[in-house]
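Enquirer: To be precise about what I am sending: the file is called entry13.tsv and holds TSV, C-alpha atoms.
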chain	number	residue	atom	x	y	z
Z	205	MET	CA	4.30	11.43	-26.88
Z	206	THR	CA	1.69	8.66	-26.69
Z	207	LEU	CA	4.22	6.28	-25.15
Z	208	PHE	CA	5.18	8.92	-22.59
Z	209	LEU	CA	1.56	9.47	-21.55
Z	210	GLU	CA	1.04	5.72	-21.27
Z	211	GLN	CA	4.07	5.40	-19.00
Z	212	MET	CA	2.85	8.28	-16.85
Z	213	LEU	CA	-0.52	6.57	-16.49
Z	214	ASN	CA	1.30	3.40	-15.50
Z	215	GLY	CA	3.14	5.43	-12.89
Z	216	VAL	CA	-0.11	6.89	-11.55
Z	217	GLN	CA	-1.65	3.41	-11.41
Z	218	PHE	CA	1.38	2.07	-9.52
Z	219	GLY	CA	1.23	5.09	-7.23
Z	220	VAL	CA	-2.43	4.47	-6.45
Z	221	MET	CA	-1.65	0.87	-5.51
Z	222	LEU	CA	1.10	2.15	-3.23
Z	223	PHE	CA	-1.32	4.61	-1.67
Z	224	LEU	CA	-3.83	1.90	-0.77
Z	225	LEU	CA	-1.02	0.18	1.14
Z	226	ALA	CA	0.62	3.32	2.48
Z	227	ALA	CA	-2.65	4.82	3.72
Z	228	GLY	CA	-3.20	1.87	6.02
Z	229	LEU	CA	0.41	1.82	7.08
Z	230	THR	CA	0.50	5.53	7.89
Z	231	LEU	CA	-2.64	5.12	10.01
Z	232	ILE	CA	-0.96	2.33	11.97
Z	233	PHE	CA	2.63	3.58	11.98
Z	234	GLY	CA	2.05	7.32	12.06
Z	235	ILE	CA	-1.06	7.65	14.19
Z	236	MET	CA	-0.70	4.63	16.49
Z	237	GLY	CA	3.09	4.65	16.71
Z	238	VAL	CA	3.44	0.97	15.81
Z	239	ILE	CA	5.97	-0.41	13.33
Z	240	ASN	CA	3.94	-3.17	11.70
Z	241	LEU	CA	6.13	-5.25	9.41
Z	242	ALA	CA	3.20	-7.67	8.99
Z	243	HIS	CA	1.29	-5.07	6.96
Z	244	GLY	CA	2.60	-6.68	3.78
Z	245	SER	CA	1.36	-10.06	4.99
Z	246	ILE	CA	-2.15	-8.61	5.36
Z	247	TYR	CA	-1.85	-7.42	1.75
Z	248	MET	CA	-0.99	-11.02	0.82
Z	249	ILE	CA	-3.87	-12.46	2.84
Z	250	GLY	CA	-6.35	-10.14	1.13
Z	251	ALA	CA	-4.99	-11.17	-2.26
Z	252	TYR	CA	-5.20	-14.89	-1.48
Z	253	ALA	CA	-8.65	-14.74	0.12
Z	254	GLY	CA	-10.17	-12.69	-2.69
Z	255	THR	CA	-8.50	-14.73	-5.45
Z	256	TRP	CA	-9.55	-18.05	-3.91
Z	257	VAL	CA	-13.19	-16.96	-3.51
Z	258	ALA	CA	-13.24	-15.52	-7.03
Z	259	ALA	CA	-11.85	-18.78	-8.43
Z	260	GLU	CA	-14.26	-20.97	-6.44
Z	261	THR	CA	-17.37	-18.95	-7.27
Z	262	GLY	CA	-16.37	-17.77	-10.72
Z	263	SER	CA	-17.21	-14.21	-9.70
Z	264	PHE	CA	-14.55	-11.52	-9.48
Z	265	TRP	CA	-16.99	-9.29	-7.58
Z	266	LEU	CA	-17.49	-11.79	-4.75
Z	267	GLY	CA	-13.74	-11.79	-4.28
Z	268	ILE	CA	-13.78	-8.13	-3.25
Z	269	PRO	CA	-15.79	-8.50	0.02
Z	270	ALA	CA	-13.88	-11.71	0.76
Z	271	ALA	CA	-10.55	-9.90	0.48
Z	272	LEU	CA	-11.76	-6.95	2.55
Z	273	ALA	CA	-13.24	-9.15	5.27
Z	274	ALA	CA	-10.22	-11.46	5.52
Z	275	ALA	CA	-7.77	-8.56	5.72
Z	276	ALA	CA	-9.86	-6.55	8.22
Z	277	VAL	CA	-10.44	-9.53	10.52
Z	278	THR	CA	-6.76	-10.46	10.36
Z	279	GLY	CA	-5.72	-6.89	11.15
Z	280	ALA	CA	-8.12	-6.60	14.07
Z	281	ALA	CA	-6.92	-9.96	15.42
Z	282	ILE	CA	-3.28	-8.88	15.15
Z	283	GLU	CA	-4.02	-5.69	17.07
Z	284	PHE	CA	-6.07	-7.45	19.75
Z	285	LEU	CA	-3.76	-10.42	20.30
Z	286	VAL	CA	-0.29	-9.00	19.64
Z	287	VAL	CA	0.06	-5.27	19.00
Z	288	ARG	CA	-2.07	-4.16	21.95
Z	289	ARG	CA	0.64	-5.46	24.25
Z	290	LEU	CA	3.34	-3.52	22.42
Z	291	TYR	CA	2.08	0.08	22.50
Z	292	GLY	CA	4.28	1.02	25.42
Z	293	ARG	CA	7.23	-1.10	24.34
Z	294	ASP	CA	10.33	-0.27	22.36
Z	295	HIS	CA	10.10	-0.26	18.55
Z	296	LEU	CA	12.50	-3.20	18.46
Z	297	ASP	CA	9.91	-5.34	20.25
Z	298	GLN	CA	7.32	-4.32	17.66
Z	299	VAL	CA	9.69	-5.19	14.82
Z	300	LEU	CA	10.51	-8.61	16.25
Z	301	ALA	CA	6.87	-9.47	16.99
Z	302	THR	CA	5.53	-8.42	13.59
Z	303	PHE	CA	8.45	-10.07	11.79
Z	304	ALA	CA	7.49	-13.31	13.52
Z	305	LEU	CA	3.97	-12.81	12.16
Z	306	ILE	CA	5.41	-12.58	8.63
Z	307	LEU	CA	6.99	-16.02	9.03
Z	308	ILE	CA	3.81	-17.47	10.52
Z	309	PHE	CA	1.55	-16.08	7.78
Z	310	ASN	CA	3.89	-17.13	4.97
Z	311	GLN	CA	4.06	-20.69	6.28
Z	312	THR	CA	0.30	-20.83	6.83
Z	313	ILE	CA	-0.41	-19.66	3.27
Z	314	THR	CA	2.09	-22.23	1.96
Z	315	ILE	CA	0.31	-25.02	3.86
Z	316	LEU	CA	-3.12	-23.93	2.62
Z	317	PHE	CA	-2.37	-23.02	-0.99
Z	318	GLY	CA	1.11	-24.34	-1.78
Z	319	ARG	CA	3.88	-22.34	-3.42
Z	320	GLN	CA	2.39	-22.13	-6.91
Z	321	PRO	CA	1.13	-18.62	-7.74
Z	322	LEU	CA	-2.61	-18.03	-8.08
Z	323	PHE	CA	-4.20	-15.97	-10.81
Z	324	VAL	CA	-7.60	-14.32	-11.01
Z	325	SER	CA	-9.39	-13.37	-14.21
Z	326	MET	CA	-10.86	-9.90	-14.37
Z	327	PRO	CA	-14.54	-9.52	-15.33
Z	328	ASP	CA	-15.49	-8.79	-18.93
Z	329	VAL	CA	-16.63	-5.28	-18.07
Z	330	LEU	CA	-13.10	-4.45	-16.89
Z	331	GLY	CA	-11.34	-6.30	-19.69
Z	332	GLY	CA	-10.09	-4.79	-22.88
Z	333	SER	CA	-8.87	-1.26	-23.47
Z	334	VAL	CA	-10.29	2.18	-24.16
Z	335	GLU	CA	-8.91	5.00	-26.27
Z	336	LEU	CA	-8.33	7.98	-23.97
Z	337	LEU	CA	-6.71	10.16	-26.61
Z	338	PRO	CA	-6.02	9.64	-30.32
Z	339	GLY	CA	-3.45	6.85	-30.35
Z	340	LEU	CA	-3.50	6.39	-26.55
Z	341	VAL	CA	-5.16	3.06	-25.76
Z	342	TYR	CA	-5.15	2.09	-22.10
Z	343	PRO	CA	-6.45	-0.98	-20.20
Z	344	VAL	CA	-9.84	-0.47	-18.55
Z	345	TYR	CA	-8.77	-2.40	-15.44
Z	346	ARG	CA	-5.85	-0.06	-14.76
Z	347	ILE	CA	-8.19	2.92	-15.13
Z	348	ALA	CA	-10.50	1.25	-12.61
Z	349	ILE	CA	-7.61	0.89	-10.15
Z	350	ILE	CA	-6.84	4.61	-10.48
Z	351	ALA	CA	-10.51	5.49	-9.94
Z	352	VAL	CA	-10.80	3.29	-6.85
Z	353	GLY	CA	-7.62	4.77	-5.39
Z	354	LEU	CA	-8.89	8.31	-5.86
Z	355	LEU	CA	-12.22	7.45	-4.25
Z	356	VAL	CA	-10.44	5.85	-1.29
Z	357	ALA	CA	-8.23	8.93	-0.91
Z	358	LEU	CA	-11.30	11.19	-0.85
Z	359	GLY	CA	-13.08	8.92	1.62
Z	360	LEU	CA	-10.12	8.82	3.98
Z	361	TYR	CA	-9.71	12.58	3.83
Z	362	LEU	CA	-13.35	13.06	4.79
Z	363	LEU	CA	-13.16	10.39	7.50
Z	364	ILE	CA	-10.04	11.76	9.18
Z	365	ASN	CA	-10.81	15.47	8.85
Z	366	LYS	CA	-14.61	15.78	8.83
Z	367	THR	CA	-16.00	13.15	11.23
Z	368	ARG	CA	-16.04	12.58	14.97
Z	369	ILE	CA	-14.18	9.30	14.57
Z	370	GLY	CA	-11.46	11.09	12.66
Z	371	MET	CA	-11.26	13.73	15.37
Z	372	LEU	CA	-10.84	11.02	18.03
Z	373	VAL	CA	-8.17	9.27	15.97
Z	374	ARG	CA	-6.22	12.51	15.56
Z	375	ALA	CA	-6.60	13.33	19.24
Z	376	GLY	CA	-5.59	9.81	20.26
Z	377	SER	CA	-2.43	10.01	18.21
Z	378	THR	CA	-1.43	13.19	20.04
Z	379	ASN	CA	-2.44	12.36	23.61
Z	380	ARG	CA	-4.07	8.99	24.12
Z	381	GLU	CA	-4.26	9.38	27.90
Z	382	MET	CA	-6.32	12.57	27.60
Z	383	VAL	CA	-8.71	10.89	25.17
Z	384	ARG	CA	-9.06	7.95	27.56
Z	385	ALA	CA	-9.76	10.38	30.43
Z	386	LEU	CA	-12.64	11.84	28.41
Z	387	GLY	CA	-14.35	8.46	28.44
Z	388	VAL	CA	-13.37	7.20	24.98
Z	389	ASP	CA	-12.49	3.50	24.68
Z	390	ILE	CA	-9.10	4.10	23.12
Z	391	ARG	CA	-8.42	0.38	22.80
Z	392	LEU	CA	-11.53	-0.14	20.67
Z	393	LEU	CA	-10.67	2.94	18.63
Z	394	TYR	CA	-7.18	1.62	17.92
Z	395	THR	CA	-8.56	-1.79	16.95
Z	396	LEU	CA	-10.89	-0.10	14.46
Z	397	VAL	CA	-8.02	1.97	13.03
Z	398	PHE	CA	-5.85	-1.13	12.71
Z	399	GLY	CA	-8.70	-2.98	11.04
Z	400	LEU	CA	-9.27	-0.11	8.60
Z	401	GLY	CA	-5.59	-0.03	7.68
Z	402	ALA	CA	-5.65	-3.79	7.14
Z	403	LEU	CA	-8.82	-3.53	5.01
Z	404	LEU	CA	-7.08	-1.09	2.66
Z	405	ALA	CA	-4.10	-3.44	2.38
Z	406	GLY	CA	-6.43	-6.31	1.52
Z	407	LEU	CA	-8.12	-4.20	-1.16
Z	408	ALA	CA	-4.73	-3.39	-2.68
Z	409	GLY	CA	-3.74	-7.05	-2.64
Z	410	PHE	CA	-6.85	-8.28	-4.42
Z	411	MET	CA	-6.74	-5.50	-7.02
Z	412	ALA	CA	-3.12	-6.39	-7.77
Z	413	GLY	CA	-4.13	-10.01	-8.45
Z	414	PRO	CA	-5.04	-9.67	-12.15
Z	415	ILE	CA	-1.82	-7.71	-12.79
Z	416	LEU	CA	0.69	-9.51	-10.58
Z	417	ALA	CA	0.97	-13.11	-9.47
Z	418	VAL	CA	-0.59	-13.86	-6.09
Z	419	GLN	CA	2.18	-15.72	-4.33
Z	420	VAL	CA	3.78	-16.34	-0.94
Z	421	GLY	CA	5.96	-13.43	0.14
Z	422	MET	CA	4.36	-10.89	-2.20
Z	423	GLY	CA	3.82	-8.51	0.70
Z	424	GLU	CA	7.48	-8.22	1.62
Z	425	GLN	CA	8.34	-7.24	-1.95
Z	426	ILE	CA	6.34	-4.03	-1.71
Z	427	LEU	CA	6.51	-3.29	2.02
Z	428	ILE	CA	9.82	-1.40	1.93
Z	429	THR	CA	8.55	0.83	-0.89
Z	430	THR	CA	5.44	1.49	1.18
Z	431	PHE	CA	7.53	2.59	4.16
Z	432	VAL	CA	9.40	4.95	1.83
Z	433	VAL	CA	6.06	6.48	0.83
Z	434	VAL	CA	5.14	7.03	4.49
Z	435	VAL	CA	8.49	8.65	5.27
Z	436	ILE	CA	8.45	10.96	2.24
Z	437	GLY	CA	4.81	11.95	2.71
Z	438	GLY	CA	5.21	12.61	6.42
Z	439	VAL	CA	4.56	10.08	9.16
Z	440	GLY	CA	0.86	10.09	10.03
Z	441	SER	CA	-0.28	12.20	7.07
Z	442	ILE	CA	-2.90	10.70	4.74
Z	443	ARG	CA	-2.49	13.60	2.33
Z	444	GLY	CA	1.27	13.13	2.39
Z	445	ALA	CA	0.90	9.42	1.67
Z	446	PHE	CA	-1.32	10.21	-1.32
Z	447	PHE	CA	1.02	12.70	-2.97
Z	448	ALA	CA	4.16	10.73	-2.10
Z	449	SER	CA	2.63	7.59	-3.61
Z	450	LEU	CA	1.89	9.34	-6.88
Z	451	ILE	CA	5.33	10.93	-7.01
Z	452	LEU	CA	7.11	7.65	-6.31
Z	453	GLY	CA	4.94	5.75	-8.77
Z	454	VAL	CA	5.68	8.18	-11.59
Z	455	VAL	CA	9.40	8.48	-10.74
Z	456	ASP	CA	9.91	4.73	-10.47
Z	457	THR	CA	8.03	3.99	-13.71
Z	458	GLY	CA	9.74	6.83	-15.58
Z	459	LEU	CA	13.23	5.79	-14.53
Z	460	ARG	CA	12.68	2.14	-15.47
Z	461	ALA	CA	11.17	3.10	-18.83
Z	462	TYR	CA	13.55	5.82	-19.99
Z	463	LEU	CA	16.84	5.83	-18.06
Z	464	PRO	CA	18.48	2.84	-19.82
Z	465	GLY	CA	17.66	4.38	-23.20
Z	466	LEU	CA	19.14	7.74	-22.17
Z	467	LEU	CA	22.33	6.08	-20.92
Z	468	ARG	CA	22.70	4.22	-24.22
Z	469	GLN	CA	23.34	7.59	-25.82
Z	470	VAL	CA	26.64	7.89	-23.96
Z	471	MET	CA	27.52	4.28	-23.05
Z	472	VAL	CA	27.71	0.81	-24.56
Z	473	GLY	CA	24.35	-0.97	-24.62
Z	474	PRO	CA	24.86	-3.74	-22.00
Z	475	GLU	CA	26.63	-1.37	-19.61
Z	476	ALA	CA	23.92	1.25	-20.03
Z	477	ASP	CA	21.21	-1.32	-19.35
Z	478	ALA	CA	22.96	-2.60	-16.24
Z	479	LEU	CA	23.64	0.89	-14.87
Z	480	GLY	CA	20.16	2.10	-15.77
Z	481	ALA	CA	18.53	-0.85	-14.01
Z	482	GLY	CA	20.64	-0.24	-10.91
Z	483	ILE	CA	19.92	3.48	-10.71
Z	484	SER	CA	16.22	2.86	-11.39
Z	485	SER	CA	16.08	0.44	-8.47
Z	486	MET	CA	17.68	3.05	-6.23
Z	487	GLY	CA	15.66	5.97	-7.56
Z	488	ILE	CA	12.96	6.07	-4.89
Z	489	TYR	CA	15.54	5.80	-2.11
Z	490	LEU	CA	17.58	8.63	-3.58
Z	491	LEU	CA	14.38	10.68	-3.75
Z	492	MET	CA	13.67	9.87	-0.10
Z	493	ALA	CA	17.17	11.04	0.88
Z	494	ILE	CA	16.71	14.32	-1.02
Z	495	VAL	CA	13.30	14.98	0.54
Z	496	LEU	CA	14.57	14.28	4.06
Z	497	LEU	CA	17.52	16.62	3.54
Z	498	ILE	CA	15.12	19.42	2.62
Z	499	ARG	CA	12.15	18.48	4.85
Z	500	PRO	CA	13.23	16.08	7.62
Z	501	LYS	CA	9.62	15.48	8.70
Z	502	GLY	CA	8.39	14.73	5.19
Z	503	LEU	CA	6.26	16.71	2.76
Z	504	PHE	CA	3.28	17.14	5.09
Z	505	ILE	CA	2.83	17.26	8.84
Z	506	ARG	CA	0.98	14.58	10.83
Z	507	ASN	CA	-2.83	14.32	10.74
Z	508	SER	CA	-3.15	16.28	7.51
How does this structure look as structure tokens?
Expert:
Amino acid sequence: MTLFLEQMLNGVQFGVMLFLLAAGLTLIFGIMGVINLAHGSIYMIGAYAGTWVAAETGSFWLGIPAALAAAAVTGAAIEFLVVRRLYGRDHLDQVLATFALILIFNQTITILFGRQPLFVSMPDVLGGSVELLPGLVYPVYRIAIIAVGLLVALGLYLLINKTRIGMLVRAGSTNREMVRALGVDIRLLYTLVFGLGALLAGLAGFMAGPILAVQVGMGEQILITTFVVVVIGGVGSIRGAFFASLILGVVDTGLRAYLPGLLRQVMVGPEADALGAGISSMGIYLLMAIVLLIRPKGLFIRNS
């Protein structure tokens, strides 16, 4: 039972990391109508910027604003220089342009930092483990990730649903011409939304640093999963992204932890491991197919 609870917490932690990425992507993809394949590169830039500053200063905490600033500035620059010219264009143009940005960012990071992975040490206060239940010892840093993700989810909900900026963002996603006619600078609004989405990606990248290796191409590895979250949750829905992230995190972790063992009950060990690994890798995509068969627009409607 203790092992099961630990795996579920791992799934929640993975889901929270996905949410930090998916929240930004659903703002950009769902609300602004832009397919931004470079979102994973912004995640990578945040990870590199924060890790480098933390290593140079010896302070993990100084790495956080560095990651946020680097990601937000990069996102705003992408919107201003590239994406702004693609709002009225076909999605294929957006895909090609942002894919080119992936290549540019990967090569730039390689030139600046090389291909060797970077690692960041977590602060002492977040090191070690804590006993949540008798026999259930869990790393403090992973608990911190879960807490940050929940706070971000609450903040985004309040921003989108309870503030004037959120109202303008929701209105702009429905009818941008009407919002522009009311005197709102829709271009500035979209730049701010793009920057916010990028900031969240940068936060996710830096927080993943102590758990995963910070390396070139790390954004592409998680980008497809993030798109799956957006599709399952409902394009443009922050609430949908939150619940879909948690569901996918728990499902993916549970399948990888338990499916090979279950298959060993009815198959030979090596075959069970190979089949279990394959099905586990496909699990989130099978879940997406099932959800879309039942609810073609995802679990929640846009702007919820």
Enquirer: For Val455 in chain Z, which residue among Z:Ile347, Z:Val287, Z:Ile488, Z:Ala385 is the nearest when counting only C-alpha atoms?
Expert: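 Among the listed residues, Z:Ile488 lies closest to Val455 in chain Z.
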Enquirer: Find the residue from Z:Tyr361, Z:Phe323, Z:Phe208, Z:Phe504 that sits nearest to Phe264 in chain Z; use only C-alpha atoms when measuring.
Expert: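 Using only C-alpha atoms, the shortest distance to Phe264 in chain Z belongs to Z:Phe323.
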Enquirer: Would you please work out which residue, of Z:Leu300, Z:Ile483, Z:Met382, Z:Ala275, is nearest to Val238 in chain Z when using all atoms listed in the file?
Expert: Z:Leu300
Enquirer: If you count only C-alpha atoms, which residues fall within 9 Å of Val329 in chain Z, apart from same-chain ones fewer than 2 positions away, as a list in words?
Expert: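 The contact residues come out as Met326, Pro327, Gly331, Gly332, Val344 and Tyr345 of chain Z.
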Enquirer: Using CA of Leu207 in chain Z and CA of Tyr489 in chain Z as the two end points, give the distance in Å to one decimal.
Expert: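 Rounded to one decimal, the two atoms are 25.7 Å apart.
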Enquirer: Using all atoms listed in the file, determine which residues lie at most 12 Å from Ser485 in chain Z, disregarding the query and same-chain residues fewer than 5 positions distant; provide the list as a VMD selection string.
Expert: chain Z and resid 429 452 455 to 461 463 to 464 478 to 480 490 to 491
Enquirer: Between range 361-434 of chain Z and range 227-231 of chain Z, at 10 Å or less, what are the per-residue closest atom pairs and their distances in Å? Count all atoms listed in the file, order by chain and rising residue number, and return it as JSON lines.
Expert:
{"residue": "Z:Ile364", "atom": "CA", "partner": "Z:Leu231", "partner_atom": "CA", "distance": 10.0}
{"residue": "Z:Val373", "atom": "CA", "partner": "Z:Leu231", "partner_atom": "CA", "distance": 9.1}
{"residue": "Z:Arg374", "atom": "CA", "partner": "Z:Leu231", "partner_atom": "CA", "distance": 9.9}
{"residue": "Z:Ser377", "atom": "CA", "partner": "Z:Leu231", "partner_atom": "CA", "distance": 9.5}
{"residue": "Z:Tyr394", "atom": "CA", "partner": "Z:Leu231", "partner_atom": "CA", "distance": 9.8}
{"residue": "Z:Val397", "atom": "CA", "partner": "Z:Leu231", "partner_atom": "CA", "distance": 6.9}
{"residue": "Z:Phe398", "atom": "CA", "partner": "Z:Leu231", "partner_atom": "CA", "distance": 7.5}
{"residue": "Z:Gly399", "atom": "CA", "partner": "Z:Gly228", "partner_atom": "CA", "distance": 8.9}
{"residue": "Z:Leu400", "atom": "CA", "partner": "Z:Gly228", "partner_atom": "CA", "distance": 6.9}
{"residue": "Z:Gly401", "atom": "CA", "partner": "Z:Gly228", "partner_atom": "CA", "distance": 3.5}
{"residue": "Z:Ala402", "atom": "CA", "partner": "Z:Gly228", "partner_atom": "CA", "distance": 6.3}
{"residue": "Z:Leu403", "atom": "CA", "partner": "Z:Gly228", "partner_atom": "CA", "distance": 7.9}
{"residue": "Z:Leu404", "atom": "CA", "partner": "Z:Gly228", "partner_atom": "CA", "distance": 5.9}
{"residue": "Z:Ala405", "atom": "CA", "partner": "Z:Gly228", "partner_atom": "CA", "distance": 6.5}
{"residue": "Z:Gly406", "atom": "CA", "partner": "Z:Gly228", "partner_atom": "CA", "distance": 9.9}
{"residue": "Z:Leu427", "atom": "CA", "partner": "Z:Leu229", "partner_atom": "CA", "distance": 9.4}
{"residue": "Z:Thr430", "atom": "CA", "partner": "Z:Leu229", "partner_atom": "CA", "distance": 7.8}
{"residue": "Z:Phe431", "atom": "CA", "partner": "Z:Leu229", "partner_atom": "CA", "distance": 7.7}
{"residue": "Z:Val433", "atom": "CA", "partner": "Z:Thr230", "partner_atom": "CA", "distance": 9.0}
{"residue": "Z:Val434", "atom": "CA", "partner": "Z:Thr230", "partner_atom": "CA", "distance": 5.9}
Enquirer: Those residues with C-alpha atoms, as a PDB file, in the coordinates of the input please?
Expert:
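Result file is selection-v1.pdb:
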ATOM      1  CA  ILE Z 364     -10.040  11.760   9.180  1.00  0.00           C
ATOM      2  CA  VAL Z 373      -8.170   9.270  15.970  1.00  0.00           C
ATOM      3  CA  ARG Z 374      -6.220  12.510  15.560  1.00  0.00           C
ATOM      4  CA  SER Z 377      -2.430  10.010  18.210  1.00  0.00           C
ATOM      5  CA  TYR Z 394      -7.180   1.620  17.920  1.00  0.00           C
ATOM      6  CA  VAL Z 397      -8.020   1.970  13.030  1.00  0.00           C
ATOM      7  CA  PHE Z 398      -5.850  -1.130  12.710  1.00  0.00           C
ATOM      8  CA  GLY Z 399      -8.700  -2.980  11.040  1.00  0.00           C
ATOM      9  CA  LEU Z 400      -9.270  -0.110   8.600  1.00  0.00           C
ATOM     10  CA  GLY Z 401      -5.590  -0.030   7.680  1.00  0.00           C
ATOM     11  CA  ALA Z 402      -5.650  -3.790   7.140  1.00  0.00           C
ATOM     12  CA  LEU Z 403      -8.820  -3.530   5.010  1.00  0.00           C
ATOM     13  CA  LEU Z 404      -7.080  -1.090   2.660  1.00  0.00           C
ATOM     14  CA  ALA Z 405      -4.100  -3.440   2.380  1.00  0.00           C
ATOM     15  CA  GLY Z 406      -6.430  -6.310   1.520  1.00  0.00           C
ATOM     16  CA  LEU Z 427       6.510  -3.290   2.020  1.00  0.00           C
ATOM     17  CA  THR Z 430       5.440   1.490   1.180  1.00  0.00           C
ATOM     18  CA  PHE Z 431       7.530   2.590   4.160  1.00  0.00           C
ATOM     19  CA  VAL Z 433       6.060   6.480   0.830  1.00  0.00           C
ATOM     20  CA  VAL Z 434       5.140   7.030   4.490  1.00  0.00           C
TER      21      VAL Z 434
END
Enquirer: Taking 4 positions as the minimum chain separation for residues in the same chain, which residues sit within 12 Å of Gly292 in chain Z when counting only C-alpha atoms? Answer as a ChimeraX atom specification.
Expert: /Z:236-238,287-288,296-298,380
Enquirer: Have a look at CA of Pro321 in chain Z and CA of Gln419 in chain Z and let me know their distance in Å, one decimal.
Expert: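 Taking CA of Pro321 in chain Z and CA of Gln419 in chain Z, their separation equals 4.6 Å.
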Enquirer: Under the rule that all atoms listed in the file are counted, which of Z:Met471, Z:Leu209, Z:Arg443, Z:Ala476 is the nearest residue to Leu362 in chain Z?
Expert: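 The shortest atom-to-atom distance to Leu362 in chain Z comes from Z:Arg443.
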Enquirer: Looking at only C-alpha atoms, which of Z:Thr312, Z:Thr255, Z:Thr278, Z:Thr261 is the one that sits closest to Thr395 in chain Z?
Expert: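 Counting only C-alpha atoms, the residue closest to Thr395 in chain Z is Z:Thr278.
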Enquirer: Report, in Å to a single decimal, how far apart CA of Ser484 in chain Z and CA of Gly465 in chain Z are.
Expert: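 CA of Ser484 in chain Z lies 12.0 Å from CA of Gly465 in chain Z.
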Enquirer: Return as AutoDock Vina command-line options the centre and edge lengths, in Å with one decimal, of the box along x, y and z that encloses every atom of range 489-498 of chain Z in the file, padded by 3 Å per side.
Expert:
--center_x 15.4 --center_y 12.6 --center_z 0.2 --size_x 10.3 --size_y 19.6 --size_z 13.8
Enquirer: In terms of the shortest atom-to-atom distance over only C-alpha atoms, which of Z:Gly318, Z:Gly487, Z:Gly359, Z:Gly279 is closest to Leu305 in chain Z?
Expert: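 That would be Z:Gly279, the residue with the smallest distance to Leu305 in chain Z.
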Enquirer: Output as an mmCIF file, keeping the file's coordinate frame: range 281-293 of chain Z, completed with N, CA and C atoms.
Expert:
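For reference, result.cif as written:
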data_model
loop_
_atom_site.group_PDB
_atom_site.id
_atom_site.type_symbol
_atom_site.label_atom_id
_atom_site.label_comp_id
_atom_site.auth_asym_id
_atom_site.auth_seq_id
_atom_site.Cartn_x
_atom_site.Cartn_y
_atom_site.Cartn_z
ATOM 1 N N ALA Z 281 -7.445 -8.892 14.560
ATOM 2 C CA ALA Z 281 -6.920 -9.960 15.420
ATOM 3 C C ALA Z 281 -5.473 -9.697 15.803
ATOM 4 N N ILE Z 282 -4.677 -9.210 14.856
ATOM 5 C CA ILE Z 282 -3.280 -8.880 15.150
ATOM 6 C C ILE Z 282 -3.202 -7.803 16.232
ATOM 7 N N GLU Z 283 -4.042 -6.776 16.076
ATOM 8 C CA GLU Z 283 -4.020 -5.690 17.070
ATOM 9 C C GLU Z 283 -4.447 -6.194 18.436
ATOM 10 N N PHE Z 284 -5.508 -6.998 18.473
ATOM 11 C CA PHE Z 284 -6.070 -7.450 19.750
ATOM 12 C C PHE Z 284 -5.141 -8.446 20.450
ATOM 13 N N LEU Z 285 -4.540 -9.346 19.701
ATOM 14 C CA LEU Z 285 -3.760 -10.420 20.300
ATOM 15 C C LEU Z 285 -2.280 -10.085 20.489
ATOM 16 N N VAL Z 286 -1.749 -9.226 19.620
ATOM 17 C CA VAL Z 286 -0.290 -9.000 19.640
ATOM 18 C C VAL Z 286 0.051 -7.528 19.881
ATOM 19 N N VAL Z 287 -0.405 -6.660 18.985
ATOM 20 C CA VAL Z 287 0.060 -5.270 19.000
ATOM 21 C C VAL Z 287 -0.380 -4.527 20.243
ATOM 22 N N ARG Z 288 -1.561 -4.856 20.767
ATOM 23 C CA ARG Z 288 -2.070 -4.160 21.950
ATOM 24 C C ARG Z 288 -1.099 -4.246 23.112
ATOM 25 N N ARG Z 289 -0.325 -5.279 23.168
ATOM 26 C CA ARG Z 289 0.640 -5.460 24.250
ATOM 27 C C ARG Z 289 1.965 -4.763 23.986
ATOM 28 N N LEU Z 290 2.071 -4.106 22.821
ATOM 29 C CA LEU Z 290 3.340 -3.520 22.420
ATOM 30 C C LEU Z 290 3.319 -2.001 22.336
ATOM 31 N N TYR Z 291 2.171 -1.374 22.649
ATOM 32 C CA TYR Z 291 2.080 0.080 22.500
ATOM 33 C C TYR Z 291 3.113 0.811 23.357
ATOM 34 N N GLY Z 292 3.341 0.335 24.547
ATOM 35 C CA GLY Z 292 4.280 1.020 25.420
ATOM 36 C C GLY Z 292 5.685 0.468 25.354
ATOM 37 N N ARG Z 293 5.928 -0.445 24.426
ATOM 38 C CA ARG Z 293 7.230 -1.100 24.340
ATOM 39 C C ARG Z 293 8.105 -0.422 23.298
#
